[in-house]
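Chemist: What follows is a structure written as structure tokens; I'll ask about it next.
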Amino acid sequence: MKRFFQNNGGLLLVAAALLAAVLALGAQILGFDPLTSALEVLATPFRAASSAVASWTQEQYDRSFRYEELSAENESLRRRVAELERDAIAGQDAQRENERLRDLLGLHEARPELQYRDAAVVRRASSNWTSDFTIDRGTGGGVEAGDCVIDQHGHLIGVVTEASPNSSRVTTILDPTLELGGRVARTDEDAVLEGDFTLMKQGLLRLSFVSEQAKLVTGDQVTTSGLGGVYPRGLVVGSIRTLEVEEDGVSRYAQVEPAADIDGVQYVYVIVDYEE
């Protein structure tokens with residue numbers, strides 16, 4: 001290599017001089033600066049990298065700032081949805097309360113001699129041997145054992161059998177332990193309404209001790225008789241579904257279908273006092 005430069009050094013110098021002259025002439029004629037162009041070529045990758053870094057940095061900043069903004073907006077929306085849900089629930093409660101008040105007013109107008117307390121069913125019997133439920137009114141609300149419980153239409157549901165300060169147990173007319181005087185409205189026939197374990201599973205009760213002379217038919221309405229003054233008279237219990245003969249072959253009884261939706265009722269009215 002050293003010998004090459006020694007032998008051809010002069011030639012290389014001449015070539016370099018000619019190249020410099022050509023570049024100078026080109027720059028003079030075309031306005032082209034080879035040094036600047038070379039620097040531009042060398043700087044291009046660095047400019048691209050710098051632009052990418054700046055763009056990424058800006059993107060990360062925008063994303064961070066936007067994330068906080070979106071988080072705040074989402075939190076605000078969640079609070080608003082919660083407020084709307086509370087308003088909706090309050091509106092539904094108010095609507096149900098208005099409905100109960102209208103029903104109570106209707107009951108007062110239909111039977112002004114009766115005094116009522118409205119209540120809600122809060123728990124139902126968990127046993128298959130009984131038919132009862134718990135309401136959210138007790139002695140603190142004027143409810144006592146022996147009070148009759150009806151639905152919004154005035155149909156008998158059952159009787160309060162236990163009362164504590166804030167709640168009461170209601171034994172329904174289907175329960176085998178409940179018994180009260182009944183009357184067939186069309187014929188004015190008196191008998192005894194009582195629960196029956198077998199019929200309870202079918203949602204029915206019995207009208208027992210029906211006289212042999214009674215001319216009962218399917219669909220006859222059955223009400224409370226009020227005999228003995230224990231329960232108000234004239235409360236609709238249900239209607240006769242079928243007429244049956246007792247095992248002795250002589251006595252008769254009727255299967256009664258309740259007028260109230262005993263299993264589905266949610267709000268009830270307790271008759272806390274009445275005047276004959």
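Just so we're on the same page: first chain in the structure tokens is A, next is B, and so on; residues restart at 1 for each chain, and ligands are numbered from 1 in the order they show up.
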Using only C-alpha atoms, determine which residues lie at most 8 Å from Gly203 of chain A, disregarding the query and same-chain residues fewer than 2 positions distant; provide the list as a list in words.

Modeler: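 Once the adjacent positions are removed, what remains is Leu174, Leu199, Met200, Lys201, Leu205, Glu257 and Pro258 of chain A.
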
Chemist: Excluding Asp151 of chain A and its own-chain neighbours fewer than 6 positions away, which residues fall within 10 Å of it when counting only C-alpha atoms? Please give them as a PyMOL selection string.

Modeler: chain A and resi 103-104+107+118+157-158+259-262+265-270

Chemist: Could you please write out, as a list in words, every residue of segment 142-272 of chain A that DSSP assigns to alpha helix (DSSP H)?

Modeler: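 The alpha helix (DSSP H) residues within segment 142-272 of chain A come out as Phe197, Thr198, Leu199 and Met200 of chain A.
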
Chemist: I need the residue nearest Arg117 of chain A from this list: A:Thr130, A:Gly140, A:Lys215, A:Pro232. Use only C-alpha atoms for the distance.

Modeler: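 Going through A:Thr130, A:Gly140, A:Lys215, A:Pro232 one by one, the smallest distance to Arg117 of chain A is for A:Gly140.
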
Chemist: My list of candidates is A:Leu77, A:Leu114, A:Val184, A:Val192. Which is closest to Leu207 of chain A when distances are computed with only C-alpha atoms?

Modeler: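 Among the listed residues, A:Val192 lies closest to Leu207 of chain A.
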
Chemist: Please measure the separation of atom CA of Leu178 of chain A and atom CA of Leu193 of chain A, giving the value in Å to one decimal.

Modeler: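 We find that atom CA of Leu178 of chain A and atom CA of Leu193 of chain A lie 8.3 Å from each other.
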
Chemist: Please report the interatomic distance between atom CA of Ser168 of chain A and atom CA of Gly138 of chain A in Å with one decimal.

Modeler: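 It comes out at 5.1 Å.
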
Chemist: Do you know which residues are at most 10 Å from Tyr116 of chain A counting only C-alpha atoms, after dropping those on the same chain fewer than 6 positions away, and could you put them as a list in words?

Modeler: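 Returned residues: Leu104, Leu105, Leu107, His108, Gly142, Val143, Asp147, Cys148, Val149, Ile150, Val268, Tyr269, Val270, Ile271, Val272, Asp273 and Tyr274 of chain A.
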